[in-house]
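The next block holds one structure in the form of C-alpha cells; read it before the comments.
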Amino acid sequence: MTVTVRFAPSPTGRIHIGNARTALFNWLFAMKNKGRFIQRFDDTDLARSKQEFSDAILYDLHWLGIFQDATEYQSRRFEVYDAAVEKLKQAGLLYACYETPEELDLRRKVRRTRGLPPVYGREALTLTSQQIAEYQSDGRRPHWRFLLPNFAGDPQEPERTEVHWNDLARGEETVDLASLSDPVLVREDGTYLYTLPSVVDDIDMGISHVIRGDDHVTNTGVQIALFKALGAEPPVFGHHNLLTTTSGEGLSKRTGALSIESLRESGIEPMAVASLAVLVGTSENVTAVPTMNELAERFDPAATSKSAAKFDPDELLVLNRTLLHHMPFSEAHDRLMVLGISGEQAEPFWLAVRGNLDRLADAASWWRVLREGPQEQPEFSDDDRDFLRQAFDLLPEDPWTATIWKDWTAKVREATGRKGKALFMPLRLALTGLSSGPELADLLPLLGREGTMARRP
Ligand SMILES: Nc1ncnc2c1ncn2[C@@H]1O[C@H](COP(=O)(O)OP(=O)(O)OP(=O)(O)O)[C@@H](O)[C@H]1O
C-alpha cells in the first residue's frame, strides 16, 4: 500500500504554528514511509476562503521545507460531492429535515428535562408526505442528515453503537455514536459542511493515513461510519495534541497569533520552527534539528502527549542560535549574497561570525563593521588610548600567518605589561566598536594589516 497523507486547512488566513505541526507530522510521516503528500484546501466556504490565502499557505509550507506532490481545491470538486450525496440518498442514509434552529433548541431542552441525551431524535424520519408538502409550501428547504448506523458495521452486534480505531498517536480510541446526533452533511442552501467533502476526498485521493489535531477525535467516529456507508475502508487515523500560546489560549488563523509568516519575518530559521513545532509536547527532548531528514528520524507520532502543549516563541531563539552556530557556509551562501555579503571573504567571515548570531540577518551588521569600521566611535580613557597607540605600533608587518592574533597580543603583553581584560577589551573596542562579538583571532585576518591600522585611535 502506498502511504498517502494530506494537509487540509481552510484558506481563511495565514497558517499558525499549530497548523504547521499538523502539516509537518504529515510530511515527516510521508518522508519516513516514502509516501505522497497531498495539499488539499478545504475551501467549500466560498465566502471566507480566498485564493490569496491558499497561495500564502503554500508559500509558508515551502519555506518550512514541505513540498506537495499534488494540490487540490475542494471548491472545484462539487460534482463529486453531489454524486456521493445521491448515493447516500439512494441507500436511505441521508434524510431531509425541516426543523428550524429554534425548534431544535426546544426539542433538546425537552429531552434534557426527560433525562434523555440532547441528541437529535430522528423525528424527520417519521414525517408524512403531507407534512413535508406543508413545509415546502411554507418555503422551508430541507437540510440533510446522515443516518448514523446503530451498529459499527458488524451485523453480529446490532446493539453496538461504538466505533473503535487504533490511533497512531493516541492508541485505542472509542466514540459512541449513540451520544451523537445524526450529523447534518448538507445545509438548507445546499452548501456542504466539512464532513462529507473530507471523507469523499479521502476516498477519492486514496488517503491511507489521516493525521491531524485532536480537535477532530469526535468527528472520527462519524467519519468512519461515513467511509463505510460509501463502501470504502476507513484510513488509519492519528490525532496529535494541539498547541496553544504560552498563556494557554487556542490558536486560530483569524487572529494571526503565532503565524508562520510572523515567525519568518522575525528572522527565525525554518528548521528552528519545524524542530519546536514537532518535538514540543512529546516525550522527545526539544533540540535544534538541522535537516528534515534528521527530524524524520526523531519523529514518532506515538510519542505525543495527550494534553495540549504550550508553544513558547522564546525557545525558538535558542534553537535558532544553535542552528546558525553550526550552519555550513554552503547553506548560508545565497542568503548572505542577498545581504550583500559575497566575494573571497564571505566564507571566512561567515565562519568567524556565525557563532555570535541570533539571526542570520545580523551578519550584515558585522559585515559593515568589517568593511566600514566601528559604527560608533568608542570613548577611551587617556590611559587606554596610550595603550592602544603603543599596541597598534607593534602590529606585525605583512605577510601575516594564521597565528597573527596570538603573535601580536604576545608582543603587546610583553611591551605593556597588560593582560586579560585590560589588554583585550580596548583592542576589541578599537577594532569593532563593541564590547562583545566574534573571536578577534578570526576577525583580524579578515581586516588585514591595512584595515587593522585604519582603526588605530
Ligand atoms: N492549535 C493547533 N495545534 C495543532 N494543530 C492544529 C491547531 N489548530 C488546528 N490544527 C490542525 O490544523 C489543521 C487545519 O485546520 P484548520 O484549517 O481547521 O485550522 P484552524 O486554525 O483550526 O482553523 P480556523 O481557520 O478556524 O482558525 C487541522 O488538522 C487541525 O487539527
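Within each chain, counting starts at residue 1; across the C-alpha cells, chains are named A, B, ... in the order shown, with ligands numbered 1 upward in that order.
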Exercise for review: Residues up to 8 Å from ligand 1, counting only C-alpha atoms and all ligand atoms: could you list those as number ranges by chain?
Suggested key: A: 7-13, 15-23, 42, 211-216, 239-244, 250-255, 308
Mind writing the picked residues with C-alpha atoms as a CSV table (one decimal), in the first residue's frame?
```csv
chain,number,residue,atom,x,y,z
A,7,PHE,CA,-2.9,18.5,5.0
A,8,ALA,CA,-6.3,20.1,4.7
A,9,PRO,CA,-6.5,23.6,6.1
A,10,SER,CA,-9.3,26.1,5.3
A,11,PRO,CA,-7.7,29.0,3.4
A,12,THR,CA,-9.2,31.7,5.6
A,13,GLY,CA,-6.0,33.2,6.9
A,15,ILE,CA,-1.4,29.3,9.0
A,16,HIS,CA,-0.2,29.3,12.6
A,17,ILE,CA,2.3,27.1,14.4
A,18,GLY,CA,-0.4,24.6,15.3
A,19,ASN,CA,-1.4,24.1,11.7
A,20,ALA,CA,2.3,23.8,10.9
A,21,ARG,CA,2.6,21.0,13.5
A,22,THR,CA,-0.1,19.1,11.6
A,23,ALA,CA,1.5,19.7,8.2
A,42,ASP,CA,-10.8,23.0,2.4
A,211,ILE,CA,-3.1,12.8,10.6
A,212,ARG,CA,-4.5,15.9,12.3
A,213,GLY,CA,-5.1,17.7,15.5
A,214,ASP,CA,-7.1,16.1,18.3
A,215,ASP,CA,-9.9,18.7,17.8
A,216,HIS,CA,-11.1,16.1,15.3
A,239,HIS,CA,-4.6,12.7,16.3
A,240,HIS,CA,-1.9,14.7,17.8
A,241,ASN,CA,-2.3,17.2,20.7
A,242,LEU,CA,-2.9,20.8,19.9
A,243,LEU,CA,-0.5,23.7,20.5
A,244,THR,CA,-1.5,26.8,22.5
A,250,GLY,CA,-6.0,28.4,21.5
A,251,LEU,CA,-4.8,29.4,18.0
A,252,SER,CA,-6.8,30.5,15.1
A,253,LYS,CA,-5.9,31.6,11.6
A,254,ARG,CA,-8.2,34.5,12.1
A,255,THR,CA,-6.2,36.1,14.9
A,308,ALA,CA,-2.3,20.5,24.8
```
Counting only C-alpha atoms, which residues of stretch 257-281 of chain A sit at most 12 Å from some atom of stretch 53-58 of chain A, and what is each one's closest atom pair with its distance in Å to one decimal, listed by chain and rising residue number, as JSON lines?
```
{"residue": "A:Ser259", "atom": "CA", "partner": "A:Ile57", "partner_atom": "CA", "distance": 10.4}
{"residue": "A:Ile260", "atom": "CA", "partner": "A:Ile57", "partner_atom": "CA", "distance": 9.1}
{"residue": "A:Glu261", "atom": "CA", "partner": "A:Ala56", "partner_atom": "CA", "distance": 8.8}
```
Residue subset to file, keeping N, CA and C atoms, as a tab-separated table (two decimals), in the first residue's frame:
```tsv
chain	number	residue	atom	x	y	z
A	259	SER	N	1.68	33.12	13.74
A	259	SER	CA	1.62	32.71	12.33
A	259	SER	C	3.03	32.39	11.84
A	260	ILE	N	3.11	31.50	10.87
A	260	ILE	CA	4.42	31.15	10.29
A	260	ILE	C	5.03	32.39	9.64
A	261	GLU	N	4.16	33.20	9.04
A	261	GLU	CA	4.64	34.45	8.43
A	261	GLU	C	5.36	35.33	9.46
```
Check your understanding: Which parts of stretch 51-284 of chain A does DSSP call alpha helix (DSSP H) when run on the backbone here, written out as a PyMOL selection string?
Key -> chain A and resi 51-64+78-90+101-113+129-137+195-204+217-229+260-265+270-279
Pull C-alpha atoms from the residues just selected and write them as an mmCIF file, in the first residue's frame.
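Everything below was put into out-v3.cif:
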```
data_model
loop_
_atom_site.group_PDB
_atom_site.id
_atom_site.type_symbol
_atom_site.label_atom_id
_atom_site.label_comp_id
_atom_site.auth_asym_id
_atom_site.auth_seq_id
_atom_site.Cartn_x
_atom_site.Cartn_y
_atom_site.Cartn_z
ATOM 1 C CA GLN A 51 -7.095 32.188 -3.214
ATOM 2 C CA GLU A 52 -4.545 34.617 -1.765
ATOM 3 C CA PHE A 53 -4.607 32.638 1.495
ATOM 4 C CA SER A 54 -4.158 29.305 -0.363
ATOM 5 C CA ASP A 55 -1.146 30.813 -2.144
ATOM 6 C CA ALA A 56 0.229 32.202 1.111
ATOM 7 C CA ILE A 57 -0.214 28.811 2.837
ATOM 8 C CA LEU A 58 1.768 27.127 0.039
ATOM 9 C CA TYR A 59 4.452 29.789 0.426
ATOM 10 C CA ASP A 60 4.655 29.186 4.183
ATOM 11 C CA LEU A 61 4.799 25.395 3.715
ATOM 12 C CA HIS A 62 7.567 25.642 1.105
ATOM 13 C CA TRP A 63 9.503 27.957 3.410
ATOM 14 C CA LEU A 64 9.210 25.330 6.148
ATOM 15 C CA PHE A 78 -18.650 19.904 -6.054
ATOM 16 C CA GLU A 79 -19.850 17.343 -8.638
ATOM 17 C CA VAL A 80 -18.002 14.595 -6.796
ATOM 18 C CA TYR A 81 -19.739 15.543 -3.552
ATOM 19 C CA ASP A 82 -23.115 15.813 -5.302
ATOM 20 C CA ALA A 83 -22.644 12.264 -6.618
ATOM 21 C CA ALA A 84 -21.860 10.978 -3.117
ATOM 22 C CA VAL A 85 -24.992 12.701 -1.795
ATOM 23 C CA GLU A 86 -27.079 10.924 -4.423
ATOM 24 C CA LYS A 87 -25.517 7.610 -3.461
ATOM 25 C CA LEU A 88 -26.338 8.142 0.220
ATOM 26 C CA LYS A 89 -29.903 9.249 -0.579
ATOM 27 C CA GLN A 90 -30.438 6.156 -2.713
ATOM 28 C CA PRO A 101 -32.735 26.075 14.841
ATOM 29 C CA GLU A 102 -35.331 27.314 17.385
ATOM 30 C CA GLU A 103 -37.385 24.125 17.081
ATOM 31 C CA LEU A 104 -34.267 22.000 17.519
ATOM 32 C CA ASP A 105 -33.298 24.001 20.565
ATOM 33 C CA LEU A 106 -36.686 23.475 22.153
ATOM 34 C CA ARG A 107 -36.534 19.709 21.490
ATOM 35 C CA ARG A 108 -33.096 19.493 23.087
ATOM 36 C CA LYS A 109 -34.444 21.216 26.201
ATOM 37 C CA VAL A 110 -37.386 18.814 26.367
ATOM 38 C CA ARG A 111 -35.085 15.787 26.025
ATOM 39 C CA ARG A 112 -32.873 17.125 28.786
ATOM 40 C CA THR A 113 -35.794 17.570 31.193
ATOM 41 C CA SER A 129 -45.797 13.252 2.826
ATOM 42 C CA GLN A 130 -48.491 15.759 3.759
ATOM 43 C CA GLN A 131 -46.289 17.331 6.459
ATOM 44 C CA ILE A 132 -43.402 17.535 4.005
ATOM 45 C CA ALA A 133 -45.645 19.192 1.407
ATOM 46 C CA GLU A 134 -46.730 21.727 4.034
ATOM 47 C CA TYR A 135 -43.170 22.592 4.977
ATOM 48 C CA GLN A 136 -42.309 23.026 1.336
ATOM 49 C CA SER A 137 -45.288 25.247 0.615
ATOM 50 C CA THR A 195 -17.604 16.097 6.964
ATOM 51 C CA LEU A 196 -18.787 14.834 3.576
ATOM 52 C CA PRO A 197 -16.261 16.552 1.257
ATOM 53 C CA SER A 198 -13.463 15.485 3.574
ATOM 54 C CA VAL A 199 -14.441 11.798 3.555
ATOM 55 C CA VAL A 200 -15.264 11.753 -0.167
ATOM 56 C CA ASP A 201 -11.874 13.291 -0.961
ATOM 57 C CA ASP A 202 -10.021 10.932 1.356
ATOM 58 C CA ILE A 203 -11.603 8.026 -0.539
ATOM 59 C CA ASP A 204 -11.060 9.553 -3.977
ATOM 60 C CA VAL A 217 -11.247 12.995 17.537
ATOM 61 C CA THR A 218 -15.029 13.112 17.957
ATOM 62 C CA ASN A 219 -15.562 13.653 14.222
ATOM 63 C CA THR A 220 -13.670 10.461 13.543
ATOM 64 C CA GLY A 221 -16.479 8.212 14.753
ATOM 65 C CA VAL A 222 -18.903 9.793 12.302
ATOM 66 C CA GLN A 223 -16.327 9.777 9.525
ATOM 67 C CA ILE A 224 -15.560 6.082 9.935
ATOM 68 C CA ALA A 225 -19.304 5.407 9.658
ATOM 69 C CA LEU A 226 -19.453 7.568 6.516
ATOM 70 C CA PHE A 227 -16.478 5.799 4.907
ATOM 71 C CA LYS A 228 -18.331 2.525 5.422
ATOM 72 C CA ALA A 229 -21.631 3.943 4.151
ATOM 73 C CA ILE A 260 4.416 31.147 10.289
ATOM 74 C CA GLU A 261 4.644 34.448 8.426
ATOM 75 C CA SER A 262 5.356 36.391 11.644
ATOM 76 C CA LEU A 263 7.985 33.859 12.771
ATOM 77 C CA ARG A 264 9.707 34.059 9.383
ATOM 78 C CA GLU A 265 9.640 37.854 9.494
ATOM 79 C CA PRO A 270 12.605 27.277 9.218
ATOM 80 C CA MET A 271 14.270 24.282 10.891
ATOM 81 C CA ALA A 272 14.081 26.020 14.285
ATOM 82 C CA VAL A 273 10.324 26.425 13.759
ATOM 83 C CA ALA A 274 9.978 22.834 12.499
ATOM 84 C CA SER A 275 12.041 21.365 15.355
ATOM 85 C CA LEU A 276 9.971 23.043 18.046
ATOM 86 C CA ALA A 277 6.623 22.543 16.274
ATOM 87 C CA VAL A 278 7.276 18.782 16.023
ATOM 88 C CA LEU A 279 9.117 17.993 19.248
#
```
Using only C-alpha atoms, which protein or nucleic acid residues come within 8 Å of A:Arg6? Drop anything in the same chain fewer than 5 positions from it, and give the result as a short mmCIF file (atom, residue, chain, number, x, y, z; two decimals) with C-alpha atoms, in the first residue's frame.
```
data_model
loop_
_atom_site.label_atom_id
_atom_site.label_comp_id
_atom_site.auth_asym_id
_atom_site.auth_seq_id
_atom_site.Cartn_x
_atom_site.Cartn_y
_atom_site.Cartn_z
CA ASN A 26 2.03 14.52 7.74
CA PHE A 37 1.78 14.36 0.49
CA ILE A 38 -1.35 15.98 -0.87
CA GLN A 39 -2.06 19.62 -0.15
CA ARG A 40 -5.81 19.99 -0.04
CA ILE A 207 -5.58 8.79 1.61
CA VAL A 210 -5.36 10.88 8.24
CA ILE A 211 -3.08 12.75 10.62
#
```
Point to revise | Backbone-only DSSP, strand (DSSP E or B) members of stretch 134-271 of chain A, as a PyMOL selection string | key: chain A and resi 143-146+162-167+171-176+184-186+192+209-213+236-240+243-244+259
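Separating atom CA of A:Arg418 from atom CA of A:Gly437 is a distance of 21.1 Å.
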Check your understanding: Closest to A:Ser305 among A:Glu99, A:Arg77, A:Ala169, A:Ser342, using only C-alpha atoms?
Key ->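 Going through A:Glu99, A:Arg77, A:Ala169, A:Ser342 one by one, the smallest distance to A:Ser305 is for A:Ala169.
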**Study point:** Atomic separation - atom CA of A:Ala410 relative to atom CA of A:Thr452, Å
**Key:**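 Computing the Euclidean distance for atom CA of A:Thr452 and atom CA of A:Ala410 yields 16.8 Å.
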Review point. Atom CA of A:Gln377 and atom CA of A:Glu347 are how many Å apart?
Key: 27.3 Å
Practice item. Just the residues within 12 Å of A:Gln345, please, counting only C-alpha atoms, with nothing from its chain fewer than 5 positions along; format it as JSON, numbers by chain. Key: {"A": [329, 333, 336, 337, 340, 350, 351, 352, 353, 367, 370, 371, 442, 443, 445, 446, 447, 448]}
Check your understanding: Leaving out A:Met292 and any residue of its chain fewer than 4 positions from it, which residues lie within 8 Å of it when counting only C-alpha atoms, given as number ranges by chain?
Key -> A: 28, 65, 271, 296
